[in-house]
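> Sharing work_10.cif here; it has mmCIF, C-alpha atoms (C1' of nucleotides).
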```cif
data_query
#
loop_
_atom_site.label_atom_id
_atom_site.label_comp_id
_atom_site.auth_asym_id
_atom_site.auth_seq_id
_atom_site.Cartn_x
_atom_site.Cartn_y
_atom_site.Cartn_z
CA MET V 767 37.31 -0.48 -32.46
CA THR V 768 33.68 -0.99 -33.33
CA GLU V 769 32.91 -0.34 -36.97
CA LYS V 770 30.01 1.85 -37.91
CA ARG V 771 29.68 0.01 -41.17
CA GLY V 772 31.31 -2.85 -42.92
CA PRO V 773 30.94 -6.58 -42.40
CA TYR V 774 30.93 -6.45 -38.57
CA ARG V 775 28.23 -3.89 -38.20
CA ARG V 776 25.34 -6.29 -38.30
CA THR V 777 27.15 -8.65 -35.98
CA ALA V 778 27.58 -5.96 -33.37
CA GLU V 779 23.91 -5.12 -33.64
CA ARG V 780 23.01 -8.74 -33.23
CA ARG V 781 25.09 -8.99 -30.11
CA ARG V 782 23.32 -5.93 -28.73
CA GLU V 783 19.93 -7.44 -29.46
CA ILE V 784 20.93 -10.70 -27.84
CA LEU V 785 22.33 -8.95 -24.77
CA ASP V 786 19.11 -7.03 -24.30
CA ALA V 787 16.98 -10.12 -24.76
CA ALA V 788 19.15 -12.11 -22.40
CA ALA V 789 18.99 -9.39 -19.75
CA ALA V 790 15.22 -9.39 -19.98
CA VAL V 791 14.92 -13.16 -19.77
CA PHE V 792 17.42 -13.50 -16.92
CA ALA V 793 15.58 -10.75 -15.06
CA GLU V 794 12.28 -12.55 -15.43
CA SER V 795 13.35 -16.11 -14.97
CA GLY V 796 16.76 -16.07 -13.38
CA TYR V 797 19.91 -17.49 -14.86
CA ARG V 798 19.27 -21.21 -14.62
CA ALA V 799 15.63 -21.14 -15.54
CA GLY V 800 16.13 -18.60 -18.28
CA SER V 801 16.84 -20.80 -21.25
CA LEU V 802 18.73 -20.04 -24.40
CA LYS V 803 15.61 -21.08 -26.18
CA ASP V 804 13.63 -18.28 -24.52
CA ILE V 805 16.28 -15.74 -25.35
CA ALA V 806 16.66 -16.95 -28.89
CA ALA V 807 12.93 -16.74 -29.46
CA ARG V 808 12.93 -13.04 -28.57
CA VAL V 809 15.42 -12.26 -31.27
CA SER V 810 14.02 -14.80 -33.72
CA LEU V 811 17.11 -16.93 -33.75
CA ASP V 812 17.98 -20.51 -33.03
CA PRO V 813 19.69 -21.22 -29.69
CA SER V 814 22.71 -22.50 -31.52
CA SER V 815 23.13 -19.12 -33.15
CA LEU V 816 23.37 -17.51 -29.74
CA LEU V 817 26.17 -19.86 -28.91
CA HIS V 818 27.89 -18.94 -32.12
CA HIS V 819 28.01 -15.35 -30.85
CA PHE V 820 28.83 -15.95 -27.20
CA GLY V 821 30.29 -19.43 -26.96
CA SER V 822 28.36 -20.56 -23.92
CA LYS V 823 25.45 -19.60 -21.75
CA ARG V 824 27.82 -18.68 -18.97
CA ALA V 825 29.76 -16.36 -21.25
CA LEU V 826 26.50 -14.75 -22.28
CA LEU V 827 25.67 -14.05 -18.64
CA GLU V 828 29.06 -12.50 -18.07
CA ALA V 829 28.57 -10.31 -21.11
CA VAL V 830 25.17 -9.20 -19.87
CA LEU V 831 26.60 -8.33 -16.48
CA ALA V 832 29.58 -6.47 -17.85
CA ASP V 833 27.27 -4.48 -20.06
CA LYS V 834 24.89 -3.62 -17.24
CA ILE V 835 27.63 -2.74 -14.80
CA ASP V 836 28.98 -0.42 -17.39
CA ARG V 837 25.70 1.37 -17.87
CA ASP V 838 24.84 1.51 -14.17
CA ALA V 839 28.23 2.92 -13.31
CA THR V 840 27.69 5.89 -15.55
CA ALA V 841 24.14 6.35 -14.30
CA LEU V 842 25.03 6.26 -10.63
CA HIS V 843 28.35 7.92 -10.61
CA TRP V 844 28.60 11.06 -8.62
CA ASP V 845 28.43 14.08 -10.83
CA ASP V 846 30.51 16.98 -9.52
CA ARG V 847 28.24 19.45 -11.16
CA VAL V 848 25.31 18.53 -8.94
CA PRO V 849 25.40 20.62 -5.76
CA PRO V 850 25.51 18.45 -2.62
CA GLU V 851 22.19 19.69 -1.32
CA GLN V 852 20.51 18.34 -4.43
CA TYR V 853 22.09 14.91 -4.22
CA PRO V 854 19.27 13.25 -2.26
CA ALA V 855 16.68 14.60 -4.67
CA ALA V 856 18.74 13.29 -7.58
CA LEU V 857 18.79 9.84 -5.99
CA LEU V 858 15.03 9.91 -5.59
CA ARG V 859 14.56 10.82 -9.22
CA LEU V 860 16.71 7.85 -10.17
CA ALA V 861 14.61 5.63 -7.91
CA GLU V 862 11.45 6.93 -9.53
CA ARG V 863 12.78 6.13 -12.95
CA ASN V 864 13.66 2.60 -11.84
CA ALA V 865 10.28 2.13 -10.24
CA GLY V 866 8.62 2.41 -13.61
CA ASN V 867 10.95 -0.19 -15.04
CA PRO V 868 10.46 -3.49 -13.23
CA GLY V 869 12.49 -5.44 -15.76
CA GLY V 870 15.61 -3.47 -15.05
CA ILE V 871 15.13 -3.82 -11.33
CA GLY V 872 14.60 -7.52 -11.48
CA LEU V 873 17.85 -8.46 -13.13
CA TYR V 874 19.96 -7.78 -10.11
CA SER V 875 17.61 -9.00 -7.44
CA VAL V 876 17.31 -12.28 -9.21
CA LEU V 877 20.84 -12.76 -10.39
CA ALA V 878 22.36 -11.53 -7.17
CA ALA V 879 20.45 -14.07 -5.17
CA GLU V 880 21.35 -16.79 -7.60
CA SER V 881 24.98 -15.83 -7.71
CA ILE V 882 25.21 -16.25 -3.99
CA THR V 883 24.50 -19.88 -4.39
CA THR V 884 26.24 -20.66 -7.62
CA GLU V 885 29.72 -19.85 -8.65
CA HIS V 886 30.05 -16.19 -7.73
CA PRO V 887 30.94 -14.15 -10.71
CA ASP V 888 33.34 -11.47 -9.56
CA SER V 889 31.21 -9.16 -11.61
CA PHE V 890 28.78 -9.00 -8.74
CA ARG V 891 31.21 -7.99 -6.10
CA ASP V 892 32.59 -5.47 -8.52
CA ARG V 893 29.23 -3.98 -9.26
CA HIS V 894 28.40 -3.72 -5.59
CA ALA V 895 31.73 -2.16 -4.74
CA GLN V 896 31.30 0.36 -7.53
CA THR V 897 27.82 1.28 -6.45
CA ARG V 898 28.78 1.67 -2.82
CA GLU V 899 31.68 3.82 -3.84
CA ALA V 900 29.52 6.01 -6.01
CA PHE V 901 27.11 6.57 -3.14
CA THR V 902 29.94 7.20 -0.74
CA GLU V 903 31.29 9.96 -2.92
CA GLY V 904 27.91 11.61 -3.00
CA PHE V 905 27.51 11.46 0.77
CA ALA V 906 31.08 12.61 1.27
CA ALA V 907 30.29 15.72 -0.72
CA MET V 908 27.28 16.25 1.52
CA ALA V 909 29.39 15.72 4.63
CA ASP V 910 31.82 18.39 3.43
CA ALA V 911 28.90 20.73 3.06
CA GLY V 912 27.70 19.86 6.56
CA LEU V 913 24.49 18.30 5.32
CA LEU V 914 24.71 14.93 7.09
CA ARG V 915 23.10 14.35 10.43
CA GLU V 916 25.14 14.02 13.58
CA GLY V 917 26.84 10.62 13.76
CA VAL V 918 26.22 9.69 10.14
CA ASP V 919 29.32 8.87 8.13
CA PRO V 920 29.41 8.71 4.32
CA ALA V 921 30.50 5.09 3.99
CA SER V 922 27.84 3.60 6.21
CA ALA V 923 25.21 5.94 4.81
CA ALA V 924 26.13 4.63 1.39
CA ALA V 925 25.97 0.99 2.48
CA SER V 926 22.62 1.43 4.17
CA LEU V 927 21.10 3.35 1.30
CA PHE V 928 22.23 0.69 -1.13
CA ALA V 929 20.96 -2.17 1.04
CA LEU V 930 17.65 -0.46 1.70
CA TRP V 931 17.22 0.29 -1.97
CA ASP V 932 17.85 -3.28 -3.10
CA GLY V 933 15.82 -4.74 -0.27
CA ALA V 934 12.89 -2.46 -0.92
CA GLN V 935 12.97 -3.24 -4.61
CA THR V 936 12.89 -6.94 -3.88
CA HIS V 937 10.05 -6.53 -1.42
CA TRP V 938 8.19 -4.41 -3.90
CA LEU V 939 8.47 -7.12 -6.52
CA ILE V 940 7.03 -9.61 -4.07
CA ASP V 941 4.15 -7.39 -3.04
CA PRO V 942 3.83 -4.16 -5.02
CA ASP V 943 0.88 -2.89 -3.00
CA ALA V 944 2.64 -3.23 0.33
CA VAL V 945 5.86 -1.40 -0.46
CA ASP V 946 6.60 2.08 -1.79
CA VAL V 947 10.26 2.12 -2.71
CA VAL V 948 10.55 5.83 -3.31
CA ALA V 949 8.77 6.69 -0.07
CA LEU V 950 11.07 4.43 1.91
CA LEU V 951 14.13 5.97 0.33
CA ARG V 952 12.84 9.47 0.93
CA ALA V 953 12.23 8.73 4.59
CA HIS V 954 15.66 7.19 4.90
CA LEU V 955 17.35 10.17 3.24
CA ARG V 956 15.50 12.47 5.62
CA LEU V 957 17.01 10.59 8.52
CA LEU V 958 20.50 10.56 7.05
CA THR V 959 20.64 14.15 5.92
CA THR V 960 19.37 17.54 6.98
CA VAL V 961 18.03 18.58 3.59
CA SER V 962 14.28 18.85 3.20
CA LEU V 963 12.66 16.46 0.75
CA MET O 1100 -2.64 -34.92 15.80
CA THR O 1101 1.00 -35.91 15.65
CA GLU O 1102 1.73 -39.14 17.46
CA LYS O 1103 4.62 -39.30 19.87
CA ARG O 1104 4.94 -42.99 19.24
CA GLY O 1105 3.29 -45.60 17.13
CA PRO O 1106 3.64 -46.35 13.43
CA TYR O 1107 3.70 -42.70 12.32
CA ARG O 1108 6.43 -41.56 14.62
CA ARG O 1109 9.32 -42.45 12.38
CA THR O 1110 7.50 -41.01 9.39
CA ALA O 1111 7.08 -37.66 11.08
CA GLU O 1112 10.76 -37.67 11.95
CA ARG O 1113 11.65 -38.47 8.38
CA ARG O 1114 9.56 -35.60 7.14
CA ARG O 1115 11.35 -33.31 9.57
CA GLU O 1116 14.73 -34.50 8.37
CA ILE O 1117 13.73 -34.02 4.77
CA LEU O 1118 12.35 -30.54 5.43
CA ASP O 1119 15.59 -29.48 7.07
CA ALA O 1120 17.71 -30.93 4.30
CA ALA O 1121 15.52 -29.35 1.65
CA ALA O 1122 15.70 -25.96 3.36
CA ALA O 1123 19.49 -26.18 3.42
CA VAL O 1124 19.75 -27.21 -0.21
CA PHE O 1125 17.27 -24.60 -1.45
CA ALA O 1126 19.14 -21.98 0.55
CA GLU O 1127 22.41 -22.93 -1.04
CA SER O 1128 21.36 -23.64 -4.55
CA GLY O 1129 17.94 -22.10 -5.05
CA TYR O 1130 14.78 -23.94 -5.89
CA ARG O 1131 15.40 -24.93 -9.47
CA ALA O 1132 19.03 -25.81 -9.13
CA GLY O 1133 18.51 -27.57 -5.83
CA SER O 1134 17.79 -31.08 -6.96
CA LEU O 1135 15.88 -33.81 -5.21
CA LYS O 1136 19.02 -35.86 -5.63
CA ASP O 1137 21.01 -33.38 -3.52
CA ILE O 1138 18.36 -33.32 -0.84
CA ALA O 1139 17.97 -37.08 -0.84
CA ALA O 1140 21.70 -37.56 -0.47
CA ARG O 1141 21.70 -35.51 2.75
CA VAL O 1142 19.22 -37.81 4.38
CA SER O 1143 20.59 -40.95 2.76
CA LEU O 1144 17.51 -41.65 0.75
CA ASP O 1145 16.64 -42.14 -2.85
CA PRO O 1146 14.95 -39.20 -4.62
CA SER O 1147 11.90 -41.33 -5.23
CA SER O 1148 11.49 -41.78 -1.49
CA LEU O 1149 11.25 -38.04 -1.08
CA LEU O 1150 8.46 -38.00 -3.58
CA HIS O 1151 6.73 -40.73 -1.64
CA HIS O 1152 6.62 -38.35 1.33
CA PHE O 1153 5.80 -35.09 -0.41
CA GLY O 1154 4.34 -36.00 -3.78
CA SER O 1155 6.27 -33.50 -5.84
CA LYS O 1156 9.21 -31.14 -5.63
CA ARG O 1157 6.83 -28.21 -5.68
CA ALA O 1158 4.90 -29.60 -2.71
CA LEU O 1159 8.17 -30.06 -0.87
CA LEU O 1160 9.02 -26.40 -1.38
CA GLU O 1161 5.63 -25.34 -0.10
CA ALA O 1162 6.10 -27.50 2.96
CA VAL O 1163 9.53 -25.99 3.60
CA LEU O 1164 8.12 -22.49 3.33
CA ALA O 1165 5.13 -23.18 5.54
CA ASP O 1166 7.45 -24.65 8.13
CA LYS O 1167 9.85 -21.73 8.00
CA ILE O 1168 7.13 -19.10 8.09
CA ASP O 1169 5.79 -20.84 11.14
CA ARG O 1170 9.08 -20.74 12.95
CA ASP O 1171 9.95 -17.20 11.90
CA ALA O 1172 6.58 -15.93 13.00
CA THR O 1173 7.13 -17.14 16.52
CA ALA O 1174 10.71 -15.86 16.53
CA LEU O 1175 9.85 -12.38 15.31
CA HIS O 1176 6.52 -11.84 16.90
CA TRP O 1177 6.32 -8.98 19.25
CA ASP O 1178 6.50 -10.16 22.81
CA ASP O 1179 4.48 -7.98 25.18
CA ARG O 1180 6.76 -8.80 28.04
CA VAL O 1181 9.69 -7.03 26.44
CA PRO O 1182 9.67 -3.37 27.44
CA PRO O 1183 9.57 -1.07 24.39
CA GLU O 1184 12.90 0.52 25.16
CA GLN O 1185 14.54 -2.86 24.83
CA TYR O 1186 12.93 -3.71 21.51
CA PRO O 1187 15.76 -2.38 19.30
CA ALA O 1188 18.34 -4.29 21.32
CA ALA O 1189 16.25 -7.44 20.98
CA LEU O 1190 16.18 -6.99 17.20
CA LEU O 1191 19.94 -6.62 17.11
CA ARG O 1192 20.38 -9.79 19.10
CA LEU O 1193 18.20 -11.61 16.60
CA ALA O 1194 20.29 -10.16 13.77
CA GLU O 1195 23.46 -11.31 15.48
CA ARG O 1196 22.11 -14.81 15.79
CA ASN O 1197 21.18 -14.84 12.12
CA ALA O 1198 24.57 -13.48 11.14
CA GLY O 1199 26.23 -16.60 12.47
CA ASN O 1200 23.90 -18.78 10.47
CA PRO O 1201 24.34 -18.11 6.77
CA GLY O 1202 22.26 -21.08 5.76
CA GLY O 1203 19.20 -19.73 7.47
CA ILE O 1204 19.71 -16.33 5.93
CA GLY O 1205 20.16 -17.62 2.46
CA LEU O 1206 16.90 -19.43 2.12
CA TYR O 1207 14.80 -16.34 1.79
CA SER O 1208 17.19 -14.20 -0.19
CA VAL O 1209 17.47 -16.93 -2.75
CA LEU O 1210 13.93 -18.17 -2.84
CA ALA O 1211 12.44 -14.71 -2.71
CA ALA O 1212 14.36 -13.64 -5.73
CA GLU O 1213 13.44 -16.79 -7.55
CA SER O 1214 9.81 -16.59 -6.60
CA ILE O 1215 9.59 -13.18 -8.15
CA THR O 1216 10.28 -14.68 -11.47
CA THR O 1217 8.54 -17.98 -11.18
CA GLU O 1218 5.08 -18.72 -10.10
CA HIS O 1219 4.70 -16.63 -6.92
CA PRO O 1220 3.79 -18.81 -4.04
CA ASP O 1221 1.39 -16.85 -1.86
CA SER O 1222 3.56 -18.08 0.98
CA PHE O 1223 5.99 -15.33 0.22
CA ARG O 1224 3.57 -12.49 0.36
CA ASP O 1225 2.21 -13.99 3.54
CA ARG O 1226 5.59 -14.25 5.15
CA HIS O 1227 6.43 -10.70 4.24
CA ALA O 1228 3.12 -9.38 5.49
CA GLN O 1229 3.56 -11.25 8.75
CA THR O 1230 7.05 -9.97 9.26
CA ARG O 1231 6.12 -6.39 8.51
CA GLU O 1232 3.22 -6.67 10.89
CA ALA O 1233 5.39 -8.07 13.65
CA PHE O 1234 7.84 -5.19 13.27
CA THR O 1235 5.02 -2.68 13.13
CA GLU O 1236 3.69 -3.91 16.47
CA GLY O 1237 7.09 -3.49 18.02
CA PHE O 1238 7.51 0.03 16.71
CA ALA O 1239 3.94 0.90 17.68
CA ALA O 1240 4.74 -0.02 21.24
CA MET O 1241 7.77 2.23 21.04
CA ALA O 1242 5.69 5.03 19.58
CA ASP O 1243 3.27 4.74 22.51
CA ALA O 1244 6.22 5.08 24.83
CA GLY O 1245 7.44 8.13 22.92
CA LEU O 1246 10.63 6.45 21.80
CA LEU O 1247 10.39 7.09 18.05
CA ARG O 1248 12.01 10.07 16.46
CA GLU O 1249 9.99 12.98 15.17
CA GLY O 1250 8.26 12.13 11.91
CA VAL O 1251 8.85 8.36 12.13
CA ASP O 1252 5.72 6.26 11.99
CA PRO O 1253 5.61 2.60 13.01
CA ALA O 1254 4.48 1.17 9.69
CA SER O 1255 7.15 2.80 7.57
CA ALA O 1256 9.79 2.16 10.20
CA ALA O 1257 8.83 -1.51 10.02
CA ALA O 1258 8.96 -1.58 6.23
CA SER O 1259 12.33 0.13 6.09
CA LEU O 1260 13.85 -2.03 8.80
CA PHE O 1261 12.68 -5.16 7.03
CA ALA O 1262 13.93 -3.99 3.63
CA LEU O 1263 17.27 -2.88 5.03
CA TRP O 1264 17.67 -6.15 6.87
CA ASP O 1265 17.00 -8.31 3.84
CA GLY O 1266 19.03 -6.11 1.56
CA ALA O 1267 21.97 -6.04 3.92
CA GLN O 1268 21.87 -9.80 4.30
CA THR O 1269 21.92 -10.24 0.56
CA HIS O 1270 24.78 -7.80 0.17
CA TRP O 1271 26.64 -9.52 2.95
CA LEU O 1272 26.31 -12.84 1.18
CA ILE O 1273 27.75 -11.30 -1.96
CA ASP O 1274 30.65 -9.66 -0.19
CA PRO O 1275 31.00 -10.55 3.51
CA ASP O 1276 33.96 -8.27 4.05
CA ALA O 1277 32.24 -5.19 2.71
CA VAL O 1278 29.01 -5.33 4.72
CA ASP O 1279 28.31 -5.50 8.44
CA VAL O 1280 24.64 -6.35 8.80
CA VAL O 1281 24.38 -5.75 12.51
CA ALA O 1282 26.19 -2.43 12.32
CA LEU O 1283 23.89 -1.22 9.57
CA LEU O 1284 20.82 -2.22 11.53
CA ARG O 1285 22.15 -0.57 14.66
CA ALA O 1286 22.80 2.68 12.82
CA HIS O 1287 19.35 2.53 11.29
CA LEU O 1288 17.68 1.89 14.64
CA ARG O 1289 19.56 4.84 16.07
CA LEU O 1290 18.06 7.04 13.41
CA LEU O 1291 14.55 5.65 13.86
CA THR O 1292 14.45 5.68 17.64
CA THR O 1293 15.75 7.73 20.53
CA VAL O 1294 17.07 4.83 22.56
CA SER O 1295 20.82 4.50 22.91
CA LEU O 1296 22.39 1.42 21.36
"C1'" DG Z 83 25.71 -16.36 -39.48
"C1'" DT Z 84 22.21 -19.18 -39.39
"C1'" DC Z 85 20.12 -23.31 -39.60
"C1'" DT Z 86 19.06 -28.71 -38.82
"C1'" DA Z 87 20.38 -32.69 -36.65
"C1'" DT Z 88 22.27 -34.81 -32.98
"C1'" DA Z 89 24.98 -35.92 -28.72
"C1'" DT Z 90 24.84 -35.92 -23.98
"C1'" DG Z 91 23.35 -35.22 -19.56
"C1'" DG Z 92 20.27 -34.34 -15.77
"C1'" DA Z 93 16.06 -33.34 -14.06
"C1'" DG Z 94 11.27 -34.84 -11.95
"C1'" DA Z 95 8.11 -38.35 -11.82
"C1'" DT Z 96 5.93 -43.25 -12.03
"C1'" DA Z 97 5.59 -48.46 -11.50
"C1'" DG Z 98 6.31 -52.13 -9.08
"C1'" DA Z 99 9.26 -55.47 -6.26
"C1'" DC Z 100 10.59 -56.12 -1.58
"C1'" DG F 438 8.90 -46.87 3.21
"C1'" DT F 439 12.41 -47.65 0.47
"C1'" DC F 440 14.57 -49.18 -3.37
"C1'" DT F 441 15.61 -50.13 -8.71
"C1'" DA F 442 14.31 -49.45 -13.18
"C1'" DT F 443 12.35 -46.78 -16.42
"C1'" DC F 444 9.91 -42.98 -18.78
"C1'" DT F 445 9.68 -38.46 -20.55
"C1'" DC F 446 11.13 -34.08 -21.09
"C1'" DC F 447 14.18 -30.27 -21.79
"C1'" DA F 448 18.43 -28.25 -21.16
"C1'" DT F 449 23.35 -26.91 -23.18
"C1'" DA F 450 26.44 -27.78 -26.53
"C1'" DT F 451 28.56 -29.60 -30.99
"C1'" DA F 452 28.99 -30.83 -36.08
"C1'" DG F 453 28.33 -29.74 -40.29
"C1'" DA F 454 25.41 -28.20 -44.43
"C1'" DC F 455 24.06 -24.00 -46.65
#
```
Once you've parsed the file, please lay out its structure as structure tokens.

Amino acid sequence: MTEKRGPYRRTAERRREILDAAAAVFAESGYRAGSLKDIAARVSLDPSSLLHHFGSKRALLEAVLADKIDRDATALHWDDRVPPEQYPAALLRLAERNAGNPGGIGLYSVLAAESITTEHPDSFRDRHAQTREAFTEGFAAMADAGLLREGVDPASAAASLFALWDGAQTHWLIDPDAVDVVALLRAHLRLLTTVSL
Amino acid sequence: MTEKRGPYRRTAERRREILDAAAAVFAESGYRAGSLKDIAARVSLDPSSLLHHFGSKRALLEAVLADKIDRDATALHWDDRVPPEQYPAALLRLAERNAGNPGGIGLYSVLAAESITTEHPDSFRDRHAQTREAFTEGFAAMADAGLLREGVDPASAAASLFALWDGAQTHWLIDPDAVDVVALLRAHLRLLTTVSL
DNA sequence: GTCTATATGGAGATAGAC
DNA sequence: GTCTATCTCCATATAGAC
């Protein structure tokens, strides 16, 4: 579908640039406060040119979300090749990578909170459902291997890990010195599972 | 300081009314999108009258936060009269009360996320520090009574409970059917402590 | 595809009458 | 204390030239 060359190539690149800029601005300023002007400035365009590509600010947001959900899904999805006993460690590595990347973290904390209030894009529920499901698969594999603690079931382990992760990220953004996201996740995974971390 | 009667009595009441309305609107719509017009409409006033009382929208937000932090502090603060073994149950009761009161929940999820991006009011760091401290005191009392699980320390238990709570509330707001805040907290408290719940 | 110019709307804030 | 009227600013979006 997407041409590698030809007349649409530059356009596709432009859209990519705009998506990235928009994600960054929305992450920093939220949806409402993040203006087309800000986004346009980052890609050295006029706001009206953004609208030429995406039609409306709302549509741009949806495109950003769809794009991010896509990427996150592949990043989080349970990989059968990872042995269950290494799943917790893999999660922690992912958390460590995120920790060095505040911009990426911010997008969801900010937009999620805003989406609660505004018109809820289904995208959000979808993303959350996908993430929970990905975690559930991982914990289910651990359960099969007998690596979960007594009384811990995969679905609720997944929900609590996800909630703790998001909550800790948000708290970290508010007060970086007071919260250690990776440490909290490690402690939580120690309680949920019997693997040593 | 505050008069029970006299010329300032009605004014104090008005300020209360406005604070409550502002808290509700900010919780629903966020700070930026929550307009003075919306708030004014709830108390049947003109936006300019709000500004007469609080000077600016920003000042109104600060007043709302100060008020809420005040109330929350008293609600969450560790009460010496509660025996440590009943602390987890007391937390769950508080969570249950909050669960029936989405408006109250929303204020912080929304504003916290927004504050990350915007100018950070110190109020937020303060509120978080206070809350973490309150939880830490509760868990410390439990630790003294030997009710925490092996390897769980009060400070990190407090941080993880707080993060999980906020995260779960946010997730619940996004998809109420998919998340049970109280159940997640109960499961978490079971892992942190040795009391039965 | 990108720009300039413009339409339109809503926000927060101020001045001043009552 | 509350209102009306007004100011100023900045947003999204559109029209049309290049």
> Name every residue that the PyMOL selection byres ((chain O) within 10 of (chain Z)) selects in this structure, writing the answer as a list of chain:residue names with chains first and numbers rising.
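Evaluating the PyMOL selection byres ((chain O) within 10 of (chain Z)) on this file yields O:Arg1131, O:Ala1132, O:Ser1134, O:Leu1135, O:Lys1136, O:Pro1146, O:Ser1147, O:Leu1150, O:Gly1154, O:Ser1155, O:Lys1156.
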> Extract, using only C-alpha atoms (C1' of nucleotides), all DNA, RNA and protein residues at most 12 Å from Ala839 (chain V), discarding same-chain residues fewer than 6 positions from it, and format them as a ChimeraX atom specification.
/V:831-833,845,892-901
> Quick one: pull the distance between CA of Leu1247 (chain O) and CA of Ala1262 (chain O), Å, one decimal.
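According to the coordinates, CA of Leu1247 (chain O) and CA of Ala1262 (chain O) are separated by 18.5 Å.
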> Report the residues retrieved by the PyMOL selection byres ((chain O) within 7 of (chain V)) from the displayed file, expressed as a list of chain:residue names.
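Answer for the PyMOL selection byres ((chain O) within 7 of (chain V)): O:Glu1127, O:Ser1128, O:Gly1129, O:Ser1208, O:Val1209, O:Ala1212, O:Glu1213, O:Ile1215, O:Thr1216, O:Thr1217, O:Arg1224, O:Ser1259, O:Ala1262, O:Leu1263, O:Asp1265, O:Gly1266, O:Ala1267, O:His1270, O:Leu1272, O:Ile1273, O:Asp1274, O:Leu1283, O:Leu1290.
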> Restrict the distance test to all atoms listed in the file, flag each residue of chain F within 9 Å of chain V, and return the flagged residues as JSON, numbers by chain.
{"F": [448, 449, 450]}
> In Å, rounded to a single decimal, give me how far CA of Leu1193 (chain O) is from CA of Ala1123 (chain O).
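Between these atoms lies a distance of 19.7 Å.
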> Calculate how many Å separate CA of Trp1177 (chain O) from CA of Leu1118 (chain O), rounding to one decimal.
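One can read the CA of Trp1177 (chain O) to CA of Leu1118 (chain O) distance as 26.3 Å.
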